[in-house]
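What follows is the content of data-v6.pdb, which has PDB, C-alpha atoms and all ligand atoms:
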```
ATOM      1  CA  MET A1280     142.972 119.963  82.910  1.00  0.00           C
ATOM      2  CA  LYS A1281     140.099 119.892  85.329  1.00  0.00           C
ATOM      3  CA  LEU A1282     136.402 119.457  84.524  1.00  0.00           C
ATOM      4  CA  ILE A1283     133.804 120.721  86.998  1.00  0.00           C
ATOM      5  CA  PHE A1284     130.107 120.030  86.511  1.00  0.00           C
ATOM      6  CA  LEU A1285     128.112 123.155  87.390  1.00  0.00           C
ATOM      7  CA  GLY A1286     124.854 121.534  86.318  1.00  0.00           C
ATOM      8  CA  THR A1287     123.768 118.188  84.861  1.00  0.00           C
ATOM      9  CA  GLY A1288     120.009 118.622  84.448  1.00  0.00           C
ATOM     10  CA  THR A1289     117.744 118.883  81.447  1.00  0.00           C
ATOM     11  CA  SER A1290     116.053 122.197  80.600  1.00  0.00           C
ATOM     12  CA  TYR A1291     113.537 121.849  83.486  1.00  0.00           C
ATOM     13  CA  GLY A1292     116.243 121.227  86.052  1.00  0.00           C
ATOM     14  CA  VAL A1293     115.627 118.415  88.563  1.00  0.00           C
ATOM     15  CA  PRO A1294     113.406 118.436  90.589  1.00  0.00           C
ATOM     16  CA  TYR A1295     110.796 119.644  88.094  1.00  0.00           C
ATOM     17  CA  VAL A1296     108.608 122.360  89.586  1.00  0.00           C
ATOM     18  CA  GLY A1297     105.413 120.787  90.912  1.00  0.00           C
ATOM     19  CA  CYS A1298     106.493 117.160  90.334  1.00  0.00           C
ATOM     20  CA  ASP A1299     106.238 114.552  93.078  1.00  0.00           C
ATOM     21  CA  CYS A1300     107.931 111.621  91.320  1.00  0.00           C
ATOM     22  CA  ALA A1301     110.510 109.561  93.226  1.00  0.00           C
ATOM     23  CA  VAL A1302     113.538 111.330  91.677  1.00  0.00           C
ATOM     24  CA  CYS A1303     112.115 114.826  92.213  1.00  0.00           C
ATOM     25  CA  ARG A1304     111.473 113.884  95.856  1.00  0.00           C
ATOM     26  CA  SER A1305     114.770 112.045  96.315  1.00  0.00           C
ATOM     27  CA  ASP A1306     117.027 112.905  99.276  1.00  0.00           C
ATOM     28  CA  ASP A1307     120.136 111.971  97.267  1.00  0.00           C
ATOM     29  CA  PRO A1308     121.957 115.262  96.495  1.00  0.00           C
ATOM     30  CA  ARG A1309     123.093 113.704  93.196  1.00  0.00           C
ATOM     31  CA  ASP A1310     119.445 113.747  92.077  1.00  0.00           C
ATOM     32  CA  LYS A1311     119.375 117.586  92.345  1.00  0.00           C
ATOM     33  CA  ARG A1312     120.363 118.891  88.926  1.00  0.00           C
ATOM     34  CA  LEU A1313     120.779 122.503  87.878  1.00  0.00           C
ATOM     35  CA  ARG A1314     120.788 123.202  84.142  1.00  0.00           C
ATOM     36  CA  ALA A1315     123.689 121.727  82.109  1.00  0.00           C
ATOM     37  CA  SER A1316     127.002 123.575  82.247  1.00  0.00           C
ATOM     38  CA  VAL A1317     130.669 122.890  83.000  1.00  0.00           C
ATOM     39  CA  LEU A1318     133.884 124.680  83.827  1.00  0.00           C
ATOM     40  CA  VAL A1319     137.049 123.549  82.045  1.00  0.00           C
ATOM     41  CA  GLU A1320     140.219 124.652  83.820  1.00  0.00           C
ATOM     42  CA  SER A1321     143.947 124.471  83.308  1.00  0.00           C
ATOM     43  CA  GLY A1322     146.542 126.051  85.595  1.00  0.00           C
ATOM     44  CA  THR A1323     146.036 129.480  84.015  1.00  0.00           C
ATOM     45  CA  THR A1324     142.733 129.360  82.115  1.00  0.00           C
ATOM     46  CA  ARG A1325     139.101 128.905  83.127  1.00  0.00           C
ATOM     47  CA  LEU A1326     136.392 128.346  80.494  1.00  0.00           C
ATOM     48  CA  LEU A1327     132.657 128.364  81.157  1.00  0.00           C
ATOM     49  CA  VAL A1328     130.507 126.316  78.773  1.00  0.00           C
ATOM     50  CA  ASP A1329     127.001 127.839  78.488  1.00  0.00           C
ATOM     51  CA  THR A1330     125.267 130.421  80.681  1.00  0.00           C
ATOM     52  CA  THR A1331     122.257 128.666  82.203  1.00  0.00           C
ATOM     53  CA  PRO A1332     119.261 130.111  84.072  1.00  0.00           C
ATOM     54  CA  ASP A1333     121.048 128.855  87.221  1.00  0.00           C
ATOM     55  CA  LEU A1334     124.329 130.639  86.506  1.00  0.00           C
ATOM     56  CA  ARG A1335     124.469 132.848  89.603  1.00  0.00           C
ATOM     57  CA  ALA A1336     123.968 129.901  91.956  1.00  0.00           C
ATOM     58  CA  GLN A1337     126.459 127.838  89.946  1.00  0.00           C
ATOM     59  CA  LEU A1338     129.191 130.514  90.065  1.00  0.00           C
ATOM     60  CA  LEU A1339     128.695 130.938  93.809  1.00  0.00           C
ATOM     61  CA  ARG A1340     128.721 127.198  94.487  1.00  0.00           C
ATOM     62  CA  ALA A1341     131.946 126.716  92.484  1.00  0.00           C
ATOM     63  CA  ASP A1342     133.516 129.850  93.969  1.00  0.00           C
ATOM     64  CA  VAL A1343     134.242 131.400  90.547  1.00  0.00           C
ATOM     65  CA  ALA A1344     135.821 134.882  90.685  1.00  0.00           C
ATOM     66  CA  SER A1345     137.050 135.155  87.088  1.00  0.00           C
ATOM     67  CA  LEU A1346     136.579 133.607  83.661  1.00  0.00           C
ATOM     68  CA  SER A1347     138.951 133.494  80.691  1.00  0.00           C
ATOM     69  CA  ALA A1348     136.090 132.952  78.225  1.00  0.00           C
ATOM     70  CA  ILE A1349     132.554 131.684  77.721  1.00  0.00           C
ATOM     71  CA  LEU A1350     131.746 129.084  75.052  1.00  0.00           C
ATOM     72  CA  TRP A1351     128.160 128.500  73.958  1.00  0.00           C
ATOM     73  CA  THR A1352     126.941 125.196  72.533  1.00  0.00           C
ATOM     74  CA  HIS A1353     123.683 126.649  71.121  1.00  0.00           C
ATOM     75  CA  SER A1354     121.028 129.267  71.781  1.00  0.00           C
ATOM     76  CA  HIS A1355     118.342 127.289  73.625  1.00  0.00           C
ATOM     77  CA  ASN A1356     117.206 129.170  76.686  1.00  0.00           C
ATOM     78  CA  ASP A1357     118.581 126.667  79.192  1.00  0.00           C
ATOM     79  CA  HIS A1358     122.077 127.315  77.759  1.00  0.00           C
ATOM     80  CA  ILE A1359     122.094 131.125  77.443  1.00  0.00           C
ATOM     81  CA  ILE A1360     119.566 132.965  79.560  1.00  0.00           C
ATOM     82  CA  GLY A1361     121.731 133.415  82.675  1.00  0.00           C
ATOM     83  CA  LEU A1362     124.292 135.532  80.827  1.00  0.00           C
ATOM     84  CA  ASP A1363     123.316 138.659  82.774  1.00  0.00           C
ATOM     85  CA  ASP A1364     124.798 136.971  85.868  1.00  0.00           C
ATOM     86  CA  ILE A1365     128.360 137.597  84.607  1.00  0.00           C
ATOM     87  CA  ARG A1366     127.968 141.242  85.724  1.00  0.00           C
ATOM     88  CA  PRO A1367     130.096 140.948  88.907  1.00  0.00           C
ATOM     89  CA  LEU A1368     132.808 139.171  86.901  1.00  0.00           C
ATOM     90  CA  SER A1369     132.779 141.974  84.304  1.00  0.00           C
ATOM     91  CA  ASP A1370     133.009 144.500  87.123  1.00  0.00           C
ATOM     92  CA  ARG A1371     136.206 142.796  88.265  1.00  0.00           C
ATOM     93  CA  CYS A1372     137.775 141.749  84.957  1.00  0.00           C
ATOM     94  CA  GLY A1373     136.163 143.813  82.158  1.00  0.00           C
ATOM     95  CA  TYR A1374     134.953 142.306  78.898  1.00  0.00           C
ATOM     96  CA  ILE A1375     134.742 138.509  78.829  1.00  0.00           C
ATOM     97  CA  PRO A1376     135.355 136.888  75.431  1.00  0.00           C
ATOM     98  CA  GLY A1377     132.403 134.766  74.265  1.00  0.00           C
ATOM     99  CA  TYR A1378     132.575 132.118  71.528  1.00  0.00           C
ATOM    100  CA  GLY A1379     129.741 130.542  69.565  1.00  0.00           C
ATOM    101  CA  ASP A1380     128.282 129.838  66.132  1.00  0.00           C
ATOM    102  CA  ALA A1381     126.534 132.472  63.997  1.00  0.00           C
ATOM    103  CA  ASP A1382     122.987 131.561  65.112  1.00  0.00           C
ATOM    104  CA  THR A1383     123.889 131.622  68.785  1.00  0.00           C
ATOM    105  CA  LEU A1384     125.753 134.937  68.635  1.00  0.00           C
ATOM    106  CA  ALA A1385     122.924 136.567  66.638  1.00  0.00           C
ATOM    107  CA  HIS A1386     120.361 135.315  69.161  1.00  0.00           C
ATOM    108  CA  LEU A1387     122.460 136.466  72.132  1.00  0.00           C
ATOM    109  CA  ASN A1388     122.814 139.869  70.521  1.00  0.00           C
ATOM    110  CA  ARG A1389     119.025 140.173  70.251  1.00  0.00           C
ATOM    111  CA  VAL A1390     118.311 139.032  73.809  1.00  0.00           C
ATOM    112  CA  PHE A1391     121.285 140.756  75.470  1.00  0.00           C
ATOM    113  CA  ASP A1392     122.023 143.720  73.174  1.00  0.00           C
ATOM    114  CA  TYR A1393     123.336 145.745  76.152  1.00  0.00           C
ATOM    115  CA  ILE A1394     126.041 143.153  76.950  1.00  0.00           C
ATOM    116  CA  PHE A1395     127.884 143.267  73.616  1.00  0.00           C
ATOM    117  CA  LEU A1396     128.120 147.075  73.302  1.00  0.00           C
ATOM    118  CA  PRO A1397     131.769 148.138  72.988  1.00  0.00           C
ATOM    119  CA  GLY A1398     133.487 150.902  74.927  1.00  0.00           C
ATOM    120  CA  ARG A1399     131.860 150.496  78.336  1.00  0.00           C
ATOM    121  CA  GLU A1400     134.787 150.927  80.671  1.00  0.00           C
ATOM    122  CA  HIS A1401     132.773 151.494  83.833  1.00  0.00           C
ATOM    123  CA  GLY A1402     131.254 148.819  86.008  1.00  0.00           C
ATOM    124  CA  GLY A1403     127.577 148.059  86.400  1.00  0.00           C
ATOM    125  CA  PHE A1404     127.083 146.295  83.063  1.00  0.00           C
ATOM    126  CA  PRO A1405     127.682 142.684  82.157  1.00  0.00           C
ATOM    127  CA  ARG A1406     130.233 142.952  79.351  1.00  0.00           C
ATOM    128  CA  ALA A1407     131.219 140.372  76.751  1.00  0.00           C
ATOM    129  CA  THR A1408     132.779 140.340  73.298  1.00  0.00           C
ATOM    130  CA  ALA A1409     131.433 138.033  70.578  1.00  0.00           C
ATOM    131  CA  HIS A1410     133.793 135.735  68.672  1.00  0.00           C
ATOM    132  CA  LEU A1411     132.306 133.834  65.748  1.00  0.00           C
ATOM    133  CA  VAL A1412     133.373 130.188  65.521  1.00  0.00           C
ATOM    134  CA  ALA A1413     132.985 128.141  62.333  1.00  0.00           C
ATOM    135  CA  PRO A1414     132.220 124.422  62.399  1.00  0.00           C
ATOM    136  CA  ARG A1415     135.428 122.388  62.923  1.00  0.00           C
ATOM    137  CA  GLN A1416     137.389 125.575  63.699  1.00  0.00           C
ATOM    138  CA  HIS A1417     140.376 125.301  66.057  1.00  0.00           C
ATOM    139  CA  PHE A1418     141.138 128.154  68.428  1.00  0.00           C
ATOM    140  CA  SER A1419     142.932 128.613  71.717  1.00  0.00           C
ATOM    141  CA  VAL A1420     142.074 130.344  74.953  1.00  0.00           C
ATOM    142  CA  GLY A1421     145.151 130.629  77.160  1.00  0.00           C
ATOM    143  CA  ASP A1422     146.761 127.199  77.235  1.00  0.00           C
ATOM    144  CA  ILE A1423     143.605 125.287  76.260  1.00  0.00           C
ATOM    145  CA  ALA A1424     143.207 124.338  72.578  1.00  0.00           C
ATOM    146  CA  VAL A1425     139.566 124.130  71.522  1.00  0.00           C
ATOM    147  CA  THR A1426     137.848 122.593  68.496  1.00  0.00           C
ATOM    148  CA  ALA A1427     134.186 123.256  67.666  1.00  0.00           C
ATOM    149  CA  ILE A1428     132.574 119.977  66.607  1.00  0.00           C
ATOM    150  CA  PRO A1429     129.263 120.026  64.717  1.00  0.00           C
ATOM    151  CA  ILE A1430     126.618 117.741  66.227  1.00  0.00           C
ATOM    152  CA  ARG A1431     122.894 117.400  65.563  1.00  0.00           C
ATOM    153  CA  HIS A1432     120.322 118.430  68.217  1.00  0.00           C
ATOM    154  CA  GLY A1433     116.883 117.606  66.803  1.00  0.00           C
ATOM    155  CA  ARG A1434     116.693 119.752  63.673  1.00  0.00           C
ATOM    156  CA  ARG A1435     119.501 122.071  64.775  1.00  0.00           C
ATOM    157  CA  ASP A1436     123.206 121.939  64.096  1.00  0.00           C
ATOM    158  CA  ILE A1437     124.985 122.886  67.310  1.00  0.00           C
ATOM    159  CA  PHE A1438     128.494 122.604  68.750  1.00  0.00           C
ATOM    160  CA  ALA A1439     130.180 120.043  70.900  1.00  0.00           C
ATOM    161  CA  TYR A1440     133.668 121.112  72.009  1.00  0.00           C
ATOM    162  CA  ARG A1441     136.968 119.275  72.183  1.00  0.00           C
ATOM    163  CA  PHE A1442     139.444 120.657  74.734  1.00  0.00           C
ATOM    164  CA  GLN A1443     143.118 119.774  74.788  1.00  0.00           C
ATOM    165  CA  SER A1444     145.719 120.892  77.299  1.00  0.00           C
ATOM    166  CA  GLY A1445     148.858 119.249  78.638  1.00  0.00           C
ATOM    167  CA  GLY A1446     148.270 116.092  76.598  1.00  0.00           C
ATOM    168  CA  SER A1447     144.738 115.472  77.933  1.00  0.00           C
ATOM    169  CA  VAL A1448     141.620 115.518  75.779  1.00  0.00           C
ATOM    170  CA  LEU A1449     138.092 116.293  76.940  1.00  0.00           C
ATOM    171  CA  VAL A1450     135.027 116.240  74.675  1.00  0.00           C
ATOM    172  CA  TYR A1451     131.826 117.930  75.886  1.00  0.00           C
ATOM    173  CA  ALA A1452     128.702 117.071  73.872  1.00  0.00           C
ATOM    174  CA  THR A1453     125.467 118.157  75.522  1.00  0.00           C
ATOM    175  CA  ASP A1454     122.120 118.286  73.666  1.00  0.00           C
ATOM    176  CA  CYS A1455     122.999 115.655  71.063  1.00  0.00           C
ATOM    177  CA  SER A1456     120.640 113.452  69.030  1.00  0.00           C
ATOM    178  CA  HIS A1457     122.967 112.532  66.166  1.00  0.00           C
ATOM    179  CA  ILE A1458     126.685 112.668  65.417  1.00  0.00           C
ATOM    180  CA  PRO A1459     127.424 113.543  61.762  1.00  0.00           C
ATOM    181  CA  ASP A1460     129.906 111.276  59.918  1.00  0.00           C
ATOM    182  CA  ALA A1461     132.652 113.926  59.790  1.00  0.00           C
ATOM    183  CA  SER A1462     132.485 114.564  63.550  1.00  0.00           C
ATOM    184  CA  TRP A1463     133.175 111.062  64.884  1.00  0.00           C
ATOM    185  CA  GLU A1464     136.925 111.340  64.377  1.00  0.00           C
ATOM    186  CA  LEU A1465     137.071 114.641  66.307  1.00  0.00           C
ATOM    187  CA  MET A1466     135.266 113.025  69.251  1.00  0.00           C
ATOM    188  CA  ARG A1467     137.140 109.728  69.308  1.00  0.00           C
ATOM    189  CA  ALA A1468     139.423 108.372  72.036  1.00  0.00           C
ATOM    190  CA  ALA A1469     139.048 111.242  74.520  1.00  0.00           C
ATOM    191  CA  ASP A1470     140.346 110.844  78.057  1.00  0.00           C
ATOM    192  CA  VAL A1471     136.937 112.062  79.182  1.00  0.00           C
ATOM    193  CA  LEU A1472     133.760 112.255  77.110  1.00  0.00           C
ATOM    194  CA  VAL A1473     130.709 114.096  78.439  1.00  0.00           C
ATOM    195  CA  LEU A1474     127.623 113.106  76.488  1.00  0.00           C
ATOM    196  CA  ASP A1475     123.900 113.859  76.487  1.00  0.00           C
ATOM    197  CA  ALA A1476     121.723 111.037  77.899  1.00  0.00           C
ATOM    198  CA  LEU A1477     118.309 112.452  78.719  1.00  0.00           C
ATOM    199  CA  ARG A1478     116.372 109.368  79.832  1.00  0.00           C
ATOM    200  CA  HIS A1479     115.628 105.784  78.748  1.00  0.00           C
ATOM    201  CA  ARG A1480     112.737 106.695  76.435  1.00  0.00           C
ATOM    202  CA  GLU A1481     113.772 108.089  73.030  1.00  0.00           C
ATOM    203  CA  HIS A1482     113.443 111.825  72.351  1.00  0.00           C
ATOM    204  CA  PRO A1483     113.692 113.653  69.007  1.00  0.00           C
ATOM    205  CA  ALA A1484     116.424 116.065  70.175  1.00  0.00           C
ATOM    206  CA  HIS A1485     118.434 114.073  72.765  1.00  0.00           C
ATOM    207  CA  PHE A1486     120.185 110.708  73.024  1.00  0.00           C
ATOM    208  CA  SER A1487     118.486 108.152  75.225  1.00  0.00           C
ATOM    209  CA  VAL A1488     120.755 106.173  77.570  1.00  0.00           C
ATOM    210  CA  ALA A1489     120.869 103.284  75.059  1.00  0.00           C
ATOM    211  CA  GLN A1490     121.717 105.607  72.148  1.00  0.00           C
ATOM    212  CA  ALA A1491     124.412 107.339  74.211  1.00  0.00           C
ATOM    213  CA  LEU A1492     125.912 103.945  75.110  1.00  0.00           C
ATOM    214  CA  GLU A1493     126.017 103.014  71.409  1.00  0.00           C
ATOM    215  CA  ALA A1494     127.955 106.219  70.693  1.00  0.00           C
ATOM    216  CA  VAL A1495     130.338 105.503  73.593  1.00  0.00           C
ATOM    217  CA  GLU A1496     131.011 102.044  72.159  1.00  0.00           C
ATOM    218  CA  ARG A1497     132.054 103.607  68.867  1.00  0.00           C
ATOM    219  CA  LEU A1498     133.959 106.598  70.338  1.00  0.00           C
ATOM    220  CA  GLN A1499     136.042 104.542  72.799  1.00  0.00           C
ATOM    221  CA  PRO A1500     136.741 107.237  75.393  1.00  0.00           C
ATOM    222  CA  ARG A1501     138.640 106.289  78.537  1.00  0.00           C
ATOM    223  CA  HIS A1502     135.875 107.598  80.820  1.00  0.00           C
ATOM    224  CA  THR A1503     132.365 108.828  80.034  1.00  0.00           C
ATOM    225  CA  PHE A1504     129.969 110.981  82.041  1.00  0.00           C
ATOM    226  CA  PHE A1505     126.342 111.436  80.977  1.00  0.00           C
ATOM    227  CA  THR A1506     124.672 114.828  81.402  1.00  0.00           C
ATOM    228  CA  HIS A1507     121.491 116.823  80.550  1.00  0.00           C
ATOM    229  CA  ILE A1508     119.569 114.310  82.637  1.00  0.00           C
ATOM    230  CA  ALA A1509     115.794 114.315  83.105  1.00  0.00           C
ATOM    231  CA  HIS A1510     113.858 113.287  86.222  1.00  0.00           C
ATOM    232  CA  ASP A1511     113.359 109.832  84.717  1.00  0.00           C
ATOM    233  CA  LEU A1512     116.851 108.730  85.841  1.00  0.00           C
ATOM    234  CA  ALA A1513     117.610 108.144  89.518  1.00  0.00           C
ATOM    235  CA  HIS A1514     121.351 108.585  90.030  1.00  0.00           C
ATOM    236  CA  GLU A1515     122.153 105.514  92.098  1.00  0.00           C
ATOM    237  CA  ALA A1516     119.938 102.989  90.284  1.00  0.00           C
ATOM    238  CA  THR A1517     120.911 104.229  86.809  1.00  0.00           C
ATOM    239  CA  ASN A1518     124.625 104.195  87.586  1.00  0.00           C
ATOM    240  CA  ALA A1519     124.473 100.655  88.910  1.00  0.00           C
ATOM    241  CA  ALA A1520     123.346  99.437  85.470  1.00  0.00           C
ATOM    242  CA  LEU A1521     126.002 101.299  83.427  1.00  0.00           C
ATOM    243  CA  PRO A1522     129.326  99.811  82.236  1.00  0.00           C
ATOM    244  CA  PRO A1523     132.332 100.434  84.561  1.00  0.00           C
ATOM    245  CA  SER A1524     133.836 103.288  82.492  1.00  0.00           C
ATOM    246  CA  VAL A1525     130.492 105.123  82.186  1.00  0.00           C
ATOM    247  CA  ALA A1526     128.643 107.066  84.901  1.00  0.00           C
ATOM    248  CA  LEU A1527     125.974 109.684  85.292  1.00  0.00           C
ATOM    249  CA  ALA A1528     127.538 113.015  86.139  1.00  0.00           C
ATOM    250  CA  TYR A1529     126.186 114.968  89.085  1.00  0.00           C
ATOM    251  CA  ASP A1530     126.343 118.635  90.079  1.00  0.00           C
ATOM    252  CA  THR A1531     129.661 119.643  91.721  1.00  0.00           C
ATOM    253  CA  LEU A1532     131.461 116.522  90.395  1.00  0.00           C
ATOM    254  CA  SER A1533     135.044 117.440  89.599  1.00  0.00           C
ATOM    255  CA  VAL A1534     137.274 115.320  87.343  1.00  0.00           C
ATOM    256  CA  GLU A1535     141.048 115.659  86.941  1.00  0.00           C
ATOM    257  CA  LEU A1536     142.367 114.811  83.493  1.00  0.00           C
TER     258      LEU A1536
HETATM  259 ZN    ZN A1601     119.543 121.879  76.832  1.00  0.00          ZN
HETATM  260 ZN    ZN A1602     109.779 114.410  88.739  1.00  0.00          ZN
HETATM  261 ZN    ZN A1603     119.005 122.437  73.501  1.00  0.00          ZN
END
```

Rewritten as structure tokens:
Amino acid sequence: MKLIFLGTGTSYGVPYVGCDCAVCRSDDPRDKRLRASVLVESGTTRLLVDTTPDLRAQLLRADVASLSAILWTHSHNDHIIGLDDIRPLSDRCGYIPGYGDADTLAHLNRVFDYIFLPGREHGGFPRATAHLVAPRQHFSVGDIAVTAIPIRHGRRDIFAYRFQSGGSVLVYATDCSHIPDASWELMRAADVLVLDALRHREHPAHFSVAQALEAVERLQPRHTFFTHIAHDLAHEATNAALPPSVALAYDTLSVEL
């Protein structure tokens, strides 16, 4: 399996528009963060997690010409609103299967009612099919086995995802402020864990760096990458203070599992 970070920023992206803080003005390319999204690839399957406002730029930068499926974590705007940008992929490949929980699919259907209409065989429309996923449900796309893991994001219940292919396990948990008791086991001992770590200060809907490190201690993954990062965290300085198996992710980072 291969993990590619399309974006590692919080909902504002980094730099924030109009901000002149040191991170927003940094020359380090790893301090430039599009909104949070990843590709998960095997030899034959390519999954996109979330459709951010930056999706077009992300697909171009990663040279994506086809997708096997889209998985949504939740319906916040920074995770869905770029869905219209799948249009050229639909033109090439037809309907793209999309997976999410009931709230997310209902919201997507309101915002993008024209995308989920069946029977459009001609190009010119973004086209997706909606596949409802229940909490803790297992399903497969191609040769990647997926499990939807309930996590808490402020007052919302959203999905983290566990991906397994060829003996490797990846867990992707963006936008997380609490891990329910029943979900720890599903997230444990991954080869790679991707976890929300917004900033050092606590936030009602996101793990701080310290809270994320506590979760890592309990989950015991082999490697951890933090994502959904605000402008409070400079890449280089923050990384230098993290344990050896933990790092901030950055846009375009690619990890082989
Ligand atoms: Zn978010
Ligand atoms: Zn800033
Ligand atoms: Zn969110």

Item to complete: Take the PyMOL selection byres (((chain A and resi 1415-1417) around 8) and not hetatm), apply it to the structure above, and return the hits as a list of chain:residue names.
Response: A:Val1412, A:Ala1413, A:Pro1414, A:Phe1418, A:Ser1419, A:Ala1424, A:Val1425, A:Thr1426, A:Ala1427, A:Ile1428, A:Pro1429

Discussion item. Take the PyMOL selection byres (((chain A and resi 1357) around 9) and not hetatm), run it mentally on this structure, and tell me the resulting residues as a ChimeraX atom specification.
Written reply: /A:1289-1291,1314-1315,1329-1333,1354-1356,1358-1361

Item to complete: Determine the nearest neighbour of ligand ZN 1601 (chain A) from the options A:Ser1321, A:Thr1352, A:Gln1337, A:Ser1447, counting all atoms listed in the file.
Response: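 For ligand ZN 1601 (chain A), the nearest of the candidates is A:Thr1352.
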
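Atom CA of A:Ser1456 lies 27.1 Å from atom CA of A:Met1280.
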
Can you pull out every residue with an atom within 7 Å of ligand ZN 1603 (chain A)? Use only C-alpha atoms and all ligand atoms and format it as a PDB file with C-alpha atoms, keeping the file's coordinate frame.
```pdb
ATOM      1  CA  HIS A1353     123.683 126.649  71.121  1.00  0.00           C
ATOM      2  CA  HIS A1355     118.342 127.289  73.625  1.00  0.00           C
ATOM      3  CA  HIS A1432     120.322 118.430  68.217  1.00  0.00           C
ATOM      4  CA  ASP A1454     122.120 118.286  73.666  1.00  0.00           C
TER       5      ASP A1454
END
```

Item to complete: List the residues selected by the PyMOL selection byres (((chain A and resi 1443) around 12) and not hetatm) in the file shown, writing them as a ChimeraX atom specification.
Response: /A:1280-1282,1319-1321,1417-1427,1440-1442,1444-1451,1465-1466,1469-1471,1536

Give me a file of those residues, with C-alpha atoms, as a tab-separated table (two decimals), in the frame of the given file.
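File produced: out.tsv:
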```tsv
chain	number	residue	atom	x	y	z
A	1280	MET	CA	142.97	119.96	82.91
A	1281	LYS	CA	140.10	119.89	85.33
A	1282	LEU	CA	136.40	119.46	84.52
A	1319	VAL	CA	137.05	123.55	82.04
A	1320	GLU	CA	140.22	124.65	83.82
A	1321	SER	CA	143.95	124.47	83.31
A	1417	HIS	CA	140.38	125.30	66.06
A	1418	PHE	CA	141.14	128.15	68.43
A	1419	SER	CA	142.93	128.61	71.72
A	1420	VAL	CA	142.07	130.34	74.95
A	1421	GLY	CA	145.15	130.63	77.16
A	1422	ASP	CA	146.76	127.20	77.24
A	1423	ILE	CA	143.60	125.29	76.26
A	1424	ALA	CA	143.21	124.34	72.58
A	1425	VAL	CA	139.57	124.13	71.52
A	1426	THR	CA	137.85	122.59	68.50
A	1427	ALA	CA	134.19	123.26	67.67
A	1440	TYR	CA	133.67	121.11	72.01
A	1441	ARG	CA	136.97	119.28	72.18
A	1442	PHE	CA	139.44	120.66	74.73
A	1444	SER	CA	145.72	120.89	77.30
A	1445	GLY	CA	148.86	119.25	78.64
A	1446	GLY	CA	148.27	116.09	76.60
A	1447	SER	CA	144.74	115.47	77.93
A	1448	VAL	CA	141.62	115.52	75.78
A	1449	LEU	CA	138.09	116.29	76.94
A	1450	VAL	CA	135.03	116.24	74.68
A	1451	TYR	CA	131.83	117.93	75.89
A	1465	LEU	CA	137.07	114.64	66.31
A	1466	MET	CA	135.27	113.02	69.25
A	1469	ALA	CA	139.05	111.24	74.52
A	1470	ASP	CA	140.35	110.84	78.06
A	1471	VAL	CA	136.94	112.06	79.18
A	1536	LEU	CA	142.37	114.81	83.49
```

Discussion item. For a cutoff of 9 Å around the file-coordinate point (129.0, 137.5, 66.5), which residues qualify once you count only C-alpha atoms? I'd like the result as a ChimeraX atom specification.
Written reply: /A:1377-1385,1387-1388,1408-1412

Item to complete: Figure out the distance between atom CA of A:Ala1407 and atom CA of A:Phe1391, please, to one decimal in Å.
Response: 10.0 Å

Please check which protein, DNA or RNA residues sit within 7 Å of ligand ZN 1602 (chain A), counting all atoms listed in the file, and write them as a PDB file with C-alpha atoms, keeping the file's coordinate frame.
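part.pdb, written as the output of this step:
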```pdb
ATOM      1  CA  PRO A1294     113.406 118.436  90.589  1.00  0.00           C
ATOM      2  CA  TYR A1295     110.796 119.644  88.094  1.00  0.00           C
ATOM      3  CA  CYS A1298     106.493 117.160  90.334  1.00  0.00           C
ATOM      4  CA  ASP A1299     106.238 114.552  93.078  1.00  0.00           C
ATOM      5  CA  CYS A1300     107.931 111.621  91.320  1.00  0.00           C
ATOM      6  CA  ALA A1301     110.510 109.561  93.226  1.00  0.00           C
ATOM      7  CA  VAL A1302     113.538 111.330  91.677  1.00  0.00           C
ATOM      8  CA  CYS A1303     112.115 114.826  92.213  1.00  0.00           C
ATOM      9  CA  HIS A1510     113.858 113.287  86.222  1.00  0.00           C
TER      10      HIS A1510
END
```

Practice prompt. Tell me which of A:His1482, A:Ser1316, A:Thr1503, A:Ala1348 sits closest to ligand ZN 1601 (chain A), counting all atoms listed in the file.
Written response: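 Among the listed residues, A:Ser1316 lies closest to ligand ZN 1601 (chain A).
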
Item to complete: Write out as a list in words each polymer residue whose atoms come within 12 Å of stretch 1496-1498 of chain A, counting only C-alpha atoms; drop sequence neighbours fewer than 4 positions from it.
Response: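 In the requested form, the answer reads Val1450, Ile1458, Asp1460, Ser1462, Trp1463, Glu1464, Leu1465, Met1466, Arg1467, Ala1468, Ala1469, Asp1470, Val1471, Leu1472, Val1473, Leu1474, Ala1489, Gln1490, Ala1491, Leu1492, His1502, Thr1503, Pro1522, Ser1524 and Val1525 of chain A.
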
Export N, CA and C atoms of stretch 1466-1471 of chain A from the structure just given, as a PDB file, in the first residue's frame?
```pdb
ATOM      1  N   MET A1466      -8.080   0.638  15.965  1.00  0.00           N
ATOM      2  CA  MET A1466      -7.037   1.586  15.558  1.00  0.00           C
ATOM      3  C   MET A1466      -5.651   1.165  16.018  1.00  0.00           C
ATOM      4  N   ARG A1467      -5.601   0.090  16.816  1.00  0.00           N
ATOM      5  CA  ARG A1467      -4.345  -0.291  17.459  1.00  0.00           C
ATOM      6  C   ARG A1467      -3.336  -0.908  16.488  1.00  0.00           C
ATOM      7  N   ALA A1468      -2.055  -0.695  16.801  1.00  0.00           N
ATOM      8  CA  ALA A1468      -0.941  -1.435  16.194  1.00  0.00           C
ATOM      9  C   ALA A1468      -0.912  -1.342  14.660  1.00  0.00           C
ATOM     10  N   ALA A1469      -1.262  -0.192  14.120  1.00  0.00           N
ATOM     11  CA  ALA A1469      -1.174   0.000  12.668  1.00  0.00           C
ATOM     12  C   ALA A1469       0.298   0.140  12.255  1.00  0.00           C
ATOM     13  N   ASP A1470       0.584  -0.184  11.009  1.00  0.00           N
ATOM     14  CA  ASP A1470       1.920   0.122  10.484  1.00  0.00           C
ATOM     15  C   ASP A1470       2.091   1.629  10.397  1.00  0.00           C
ATOM     16  N   VAL A1471       1.035   2.301   9.919  1.00  0.00           N
ATOM     17  CA  VAL A1471       1.045   3.760   9.875  1.00  0.00           C
ATOM     18  C   VAL A1471      -0.282   4.283  10.419  1.00  0.00           C
TER      19      VAL A1471
END
```
